[in-house]
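K.L.:
Structure below; questions to follow.
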Amino acid sequence: MFLFALSVEPLIRMVHQNLNSEQRTTCPLFTSRVYADDVLFLLRDADDCVTLPHILETYSAASCAQLNTQKSFLIPLGSWPDGLTFNEITTVRQAKMLGMTVCNSFEEMVEINWTKTTALTRVTLFQQIHRNLNLFERKAQLVLPKDKGGLQLIAVKEKCQALITRNIIRGHRGESDPMDNEFWKRHIPLLCSRKSPLPQAIQSLWKIIESYPPDLITADTKQQTKLIYKYIMKDSINSPRIVEQFPNQRWHKIWHNIHRANIPTAWQTTVYCYINQIIPTEERKHRHHLTDSPACKICGFIDTLKHRITNCGTAKTTWNGAKNLLQQIWPTSKLNDQHQTLLLMDPPTENAVFVKAWLAAGFLHYQLTASSHTMEELVKILTTERKNFEQKCSGRYSQNCQELQLLHL
């Protein structure tokens, strides 16, 4: 990307210097937007149709880069004459530019893009409604750090707020591109008045910016967005619901064991949902009025997570087998120790913690995803995953590799 920016910079400078030169003396104008595989030029009069080909020819002669006319197109906007073209580039009525469909008619463009956006939204809503409680619903928890019970995802709303805030600050300081600098120079004096044409959300954001610490306002541009995002998020983070329900558990140990390196991602995902108690058991669905009975469809007992893991049909066999495997690694373990390890991902001792957590994660994933359970199949899955880990094991994780050898499969 950096090499592309270096190579295309002379072309962009020539375009900015030679297109719309008379109008540009009063205020900055949009003339081009350039991405790695998408270059857009906006021509405002017939003279530009003569100037731009000369610019492209000069750039091609100097760089040996050629314009691909087969993948280029012109869209006449407004009152632009249809027959005006150059380099035999095809004129079209509709095309996709920078992710948005652009048309000759403004009304048509709004209709097409709005229809597409609402259709995508409708599909997403349909998937969410019919997800059968499989997805994690508490968005606030997902943005928490992993050691706090989250998945360290980005909070989209707060991230957008941080990006807009940074752009306003940079424009106010005159450090953005000319168009942004000119825009904010004209609008910032009006933000605190009723005469501002900007949306209410932007006006409210400016009031928030005024309350920011000085070090955020003067921060280095490269780090400013990240610092603003952290500042916004620091007051919006709450503990996960499961932590508030069971505050006496060693949650820092449990979260750490779930996210240990070299535990397969599929296992981690299942265990994360299990620990947060969001897997759709019949008992859970009954509480949400999604089923008539909380009874297990296999054995008739109340269908809880613990029931599925330890007591339902064939799950009893693999539950006892997993305790025997844990006994190999940890001969002195008591029944409570085994339960705490296999059901909570929290071995009470610090000896060989990785192999205990690895075994517990594999066992829980198998119990909660398999339709029927056999000890032979569980051992086969564990053996396959151990071989996969040993093949890619590096010096950094050699201790983990040695611990897995304690497990005789």
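Residue names in the structure tokens use chain letters A, B, ... in the order shown, residue numbers from 1 in each chain, and ligand numbers from 1 in the order shown.
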Do a neighbour search on Tyr272 (chain A) at 12 Å with only C-alpha atoms, toss out local chain neighbours closer than 4 positions, and write the hits as an MDAnalysis selection string.

P.N.:
chainID A and resid 134:136 141:142 146 149:151 242 254:259 265:268 276:279 344:345 361 364:365 368

K.L.:
Using only C-alpha atoms, determine which residues lie at most 12 Å from region 103-118 of chain A, disregarding the query and same-chain residues fewer than 6 positions distant; provide the list as JSON, numbers by chain.

P.N.:
{"A": [74, 75, 76, 77, 78, 79, 80, 81, 82, 91, 92, 93, 94, 95, 96, 97, 124, 125]}

K.L.:
Rounded to one decimal in Å, what is the spacing between CA of Glu57 (chain A) and CA of Glu9 (chain A)?

P.N.:
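Those two atoms sit 15.4 Å apart.
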
K.L.:
Considering only C-alpha atoms, return as a compact mmCIF listing (two decimals) with N, CA and C atoms, in the first residue's frame whatever protein or nucleic-acid residues lie within 7 Å of region 307-321 of chain A, sequence-local ones (same chain, fewer than 4 positions apart) excluded.

P.N.:
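Saved to selection.txt:
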```txt
# COMPACT_ATOMS: atom_id res chain seq x y z
N CYS A 299 -34.09 -37.66 27.90
CA CYS A 299 -34.34 -38.46 29.11
C CYS A 299 -35.48 -37.97 29.96
N ASP A 303 -33.68 -29.98 31.58
CA ASP A 303 -32.53 -29.85 30.68
C ASP A 303 -31.72 -28.61 31.02
N LEU A 325 -9.50 -39.63 32.91
CA LEU A 325 -8.37 -39.02 32.20
C LEU A 325 -7.71 -37.97 33.08
N GLN A 367 -19.12 -32.64 24.83
CA GLN A 367 -20.39 -32.92 25.52
C GLN A 367 -21.52 -32.04 25.00
N LEU A 368 -21.21 -30.79 24.67
CA LEU A 368 -22.25 -29.83 24.30
C LEU A 368 -22.53 -29.77 22.80
N SER A 372 -24.50 -37.80 20.16
CA SER A 372 -24.37 -38.96 21.04
C SER A 372 -22.91 -39.04 21.48
N HIS A 373 -22.68 -39.73 22.60
CA HIS A 373 -21.35 -39.67 23.21
C HIS A 373 -20.77 -41.07 23.42
N THR A 374 -19.52 -41.23 23.02
CA THR A 374 -18.77 -42.45 23.32
C THR A 374 -17.36 -42.05 23.74
N MET A 375 -16.78 -42.84 24.63
CA MET A 375 -15.44 -42.53 25.09
C MET A 375 -14.43 -42.67 23.97
```

K.L.:
As a PyMOL selection string, please: every residue in region 87-202 of chain A that a backbone DSSP assignment puts in strand (DSSP E or B).

P.N.:
chain A and resi 90-91+94-97+100-103

K.L.:
Taking only C-alpha atoms into account, name the residue in A:Trp251, A:Tyr59, A:Phe389, A:Tyr229 that is nearest to Val15 (chain A).

P.N.:
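Counting only C-alpha atoms, the residue closest to Val15 (chain A) is A:Tyr59.
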
K.L.:
What's the separation between CA of His54 (chain A) and CA of Ser32 (chain A), in Å to one decimal place?

P.N.:
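Calculated distance between CA of His54 (chain A) and CA of Ser32 (chain A) is 16.2 Å.
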
K.L.:
Quick one: residues within 10 Å of Thr90 (chain A), only C-alpha atoms counted, chain neighbours fewer than 2 positions away excluded, as a list in words?

P.N.:
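After dropping sequence-adjacent residues, the list is Thr69, Gln70, Lys71, Ser72, Phe73, Leu74, Ile75, Thr85, Phe86, Asn87, Glu88 and Val92 of chain A.
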
K.L.:
Quick one: everything within 12 Å of region 168-177 of chain A, counting only C-alpha atoms, minus sequence neighbours fewer than 4 positions away in the same chain. Send it as a PyMOL selection string.

P.N.:
chain A and resi 28-30+161-164+181-189+191+202-203+205-210+212+214+216-222+224-225+228

K.L.:
For the selection you just gave me, I'd like the residues written to a file as a CSV table (one decimal), in the first residue's frame, keeping N, CA, C and O atoms.

P.N.:
```
chain,number,residue,atom,x,y,z
A,28,PRO,N,-11.7,24.9,-1.2
A,28,PRO,CA,-11.2,23.6,-1.7
A,28,PRO,C,-12.4,22.8,-2.3
A,28,PRO,O,-13.6,22.9,-1.9
A,29,LEU,N,-12.1,22.1,-3.4
A,29,LEU,CA,-13.1,21.3,-4.1
A,29,LEU,C,-12.7,19.9,-4.2
A,29,LEU,O,-11.5,19.6,-4.2
A,30,PHE,N,-13.7,19.0,-4.2
A,30,PHE,CA,-13.5,17.6,-4.3
A,30,PHE,C,-13.1,17.3,-5.8
A,30,PHE,O,-13.9,17.6,-6.7
A,161,GLN,N,-17.5,7.4,17.1
A,161,GLN,CA,-17.5,8.7,17.9
A,161,GLN,C,-16.0,9.2,18.0
A,161,GLN,O,-15.7,10.4,17.9
A,162,ALA,N,-15.1,8.3,18.3
A,162,ALA,CA,-13.7,8.6,18.5
A,162,ALA,C,-13.1,9.1,17.1
A,162,ALA,O,-12.3,10.1,17.1
A,163,LEU,N,-13.5,8.5,16.0
A,163,LEU,CA,-13.0,8.9,14.7
A,163,LEU,C,-13.5,10.3,14.3
A,163,LEU,O,-12.7,11.1,13.9
A,164,ILE,N,-14.8,10.5,14.6
A,164,ILE,CA,-15.3,11.8,14.2
A,164,ILE,C,-14.7,12.9,15.1
A,164,ILE,O,-14.4,14.0,14.7
A,181,ASN,N,-10.3,21.1,6.6
A,181,ASN,CA,-9.9,22.3,7.4
A,181,ASN,C,-10.9,23.4,7.1
A,181,ASN,O,-11.3,24.1,8.0
A,182,GLU,N,-11.2,23.6,5.8
A,182,GLU,CA,-12.1,24.7,5.4
A,182,GLU,C,-13.5,24.4,6.0
A,182,GLU,O,-14.2,25.4,6.4
A,183,PHE,N,-14.0,23.2,6.0
A,183,PHE,CA,-15.3,22.8,6.5
A,183,PHE,C,-15.4,23.2,8.0
A,183,PHE,O,-16.4,23.9,8.4
A,184,TRP,N,-14.5,22.7,8.8
A,184,TRP,CA,-14.6,22.9,10.2
A,184,TRP,C,-14.3,24.4,10.6
A,184,TRP,O,-14.8,24.9,11.6
A,185,LYS,N,-13.5,25.0,9.7
A,185,LYS,CA,-13.2,26.5,10.0
A,185,LYS,C,-14.5,27.3,9.9
A,185,LYS,O,-14.7,28.2,10.6
A,186,ARG,N,-15.3,26.9,8.9
A,186,ARG,CA,-16.6,27.6,8.8
A,186,ARG,C,-17.7,27.2,9.8
A,186,ARG,O,-18.5,28.0,10.2
A,187,HIS,N,-17.6,25.9,10.2
A,187,HIS,CA,-18.7,25.4,11.0
A,187,HIS,C,-18.5,25.4,12.5
A,187,HIS,O,-19.5,25.5,13.3
A,188,ILE,N,-17.3,25.3,13.0
A,188,ILE,CA,-17.0,25.3,14.4
A,188,ILE,C,-17.5,26.5,15.2
A,188,ILE,O,-18.1,26.4,16.2
A,189,PRO,N,-17.3,27.7,14.6
A,189,PRO,CA,-17.8,28.9,15.4
A,189,PRO,C,-19.4,28.9,15.5
A,189,PRO,O,-19.9,29.5,16.5
A,191,LEU,N,-21.1,26.0,16.1
A,191,LEU,CA,-21.6,24.7,16.7
A,191,LEU,C,-22.3,25.0,18.0
A,191,LEU,O,-23.2,24.3,18.4
A,202,ILE,N,-23.6,16.1,16.1
A,202,ILE,CA,-22.3,16.7,16.0
A,202,ILE,C,-22.2,17.9,16.9
A,202,ILE,O,-21.1,18.1,17.6
A,203,GLN,N,-23.3,18.6,17.1
A,203,GLN,CA,-23.3,19.7,18.0
A,203,GLN,C,-23.0,19.3,19.5
A,203,GLN,O,-22.3,19.9,20.2
A,205,LEU,N,-21.5,16.5,20.3
A,205,LEU,CA,-20.1,16.0,20.3
A,205,LEU,C,-19.1,17.1,20.6
A,205,LEU,O,-18.2,16.9,21.3
A,206,TRP,N,-19.4,18.3,20.0
A,206,TRP,CA,-18.5,19.4,20.2
A,206,TRP,C,-18.5,19.8,21.7
A,206,TRP,O,-17.4,20.1,22.3
A,207,LYS,N,-19.6,19.8,22.3
A,207,LYS,CA,-19.7,20.1,23.8
A,207,LYS,C,-18.9,19.1,24.6
A,207,LYS,O,-18.3,19.4,25.6
A,208,ILE,N,-19.0,17.8,24.2
A,208,ILE,CA,-18.2,16.8,24.9
A,208,ILE,C,-16.7,17.0,24.7
A,208,ILE,O,-15.9,16.8,25.6
A,209,ILE,N,-16.3,17.4,23.5
A,209,ILE,CA,-14.9,17.6,23.2
A,209,ILE,C,-14.3,18.7,24.1
A,209,ILE,O,-13.2,18.6,24.6
A,210,GLU,N,-15.1,19.7,24.4
A,210,GLU,CA,-14.7,20.8,25.2
A,210,GLU,C,-14.4,20.4,26.6
A,210,GLU,O,-13.6,21.0,27.3
A,212,TYR,N,-13.0,17.4,27.3
A,212,TYR,CA,-11.9,16.4,27.3
A,212,TYR,C,-10.6,17.0,27.9
A,212,TYR,O,-10.4,18.2,27.9
A,214,PRO,N,-6.8,18.1,28.3
A,214,PRO,CA,-5.9,18.8,27.3
A,214,PRO,C,-5.0,17.8,26.6
A,214,PRO,O,-4.7,18.0,25.4
A,216,LEU,N,-5.6,14.9,25.6
A,216,LEU,CA,-6.3,14.2,24.4
A,216,LEU,C,-6.4,15.2,23.2
A,216,LEU,O,-6.2,14.7,22.1
A,217,ILE,N,-6.6,16.4,23.5
A,217,ILE,CA,-6.7,17.4,22.4
A,217,ILE,C,-5.4,17.6,21.7
A,217,ILE,O,-5.3,17.7,20.5
A,218,THR,N,-4.3,17.5,22.4
A,218,THR,CA,-2.9,17.8,21.9
A,218,THR,C,-2.2,16.5,21.6
A,218,THR,O,-1.0,16.6,21.2
A,219,ALA,N,-2.8,15.3,21.7
A,219,ALA,CA,-2.1,14.1,21.5
A,219,ALA,C,-1.6,13.9,20.0
A,219,ALA,O,-2.2,14.5,19.1
A,220,ASP,N,-0.6,13.1,19.9
A,220,ASP,CA,-0.1,12.8,18.6
A,220,ASP,C,-1.2,12.2,17.7
A,220,ASP,O,-2.0,11.4,18.1
A,221,THR,N,-1.2,12.6,16.4
A,221,THR,CA,-2.3,12.2,15.5
A,221,THR,C,-2.4,10.7,15.4
A,221,THR,O,-3.5,10.1,15.3
A,222,LYS,N,-1.3,10.0,15.4
A,222,LYS,CA,-1.3,8.5,15.2
A,222,LYS,C,-2.0,7.8,16.4
A,222,LYS,O,-2.5,6.7,16.2
A,224,GLN,N,-4.1,9.4,18.6
A,224,GLN,CA,-5.2,10.2,19.2
A,224,GLN,C,-6.5,9.4,19.2
A,224,GLN,O,-7.3,9.4,20.2
A,225,THR,N,-6.9,8.8,18.1
A,225,THR,CA,-8.1,8.0,18.0
A,225,THR,C,-8.2,6.9,19.1
A,225,THR,O,-9.2,6.8,19.7
A,228,ILE,N,-8.7,8.6,22.5
A,228,ILE,CA,-10.1,9.1,22.7
A,228,ILE,C,-11.0,7.9,22.9
A,228,ILE,O,-11.9,7.9,23.7
```

K.L.:
Enter the distance from CA of Val353 (chain A) to CA of Glu385 (chain A), in Å, rounded to one decimal.

P.N.:
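These two atoms are separated by 17.6 Å.
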
K.L.:
Among region 103-260 of chain A, which ones does DSSP assign to alpha helix (DSSP H) (computed from the backbone)? Answer as a ChimeraX atom specification.

P.N.:
/A:106-129,139-142,156-172,178-187,200-210,214-217,221-233,241-245,251-258
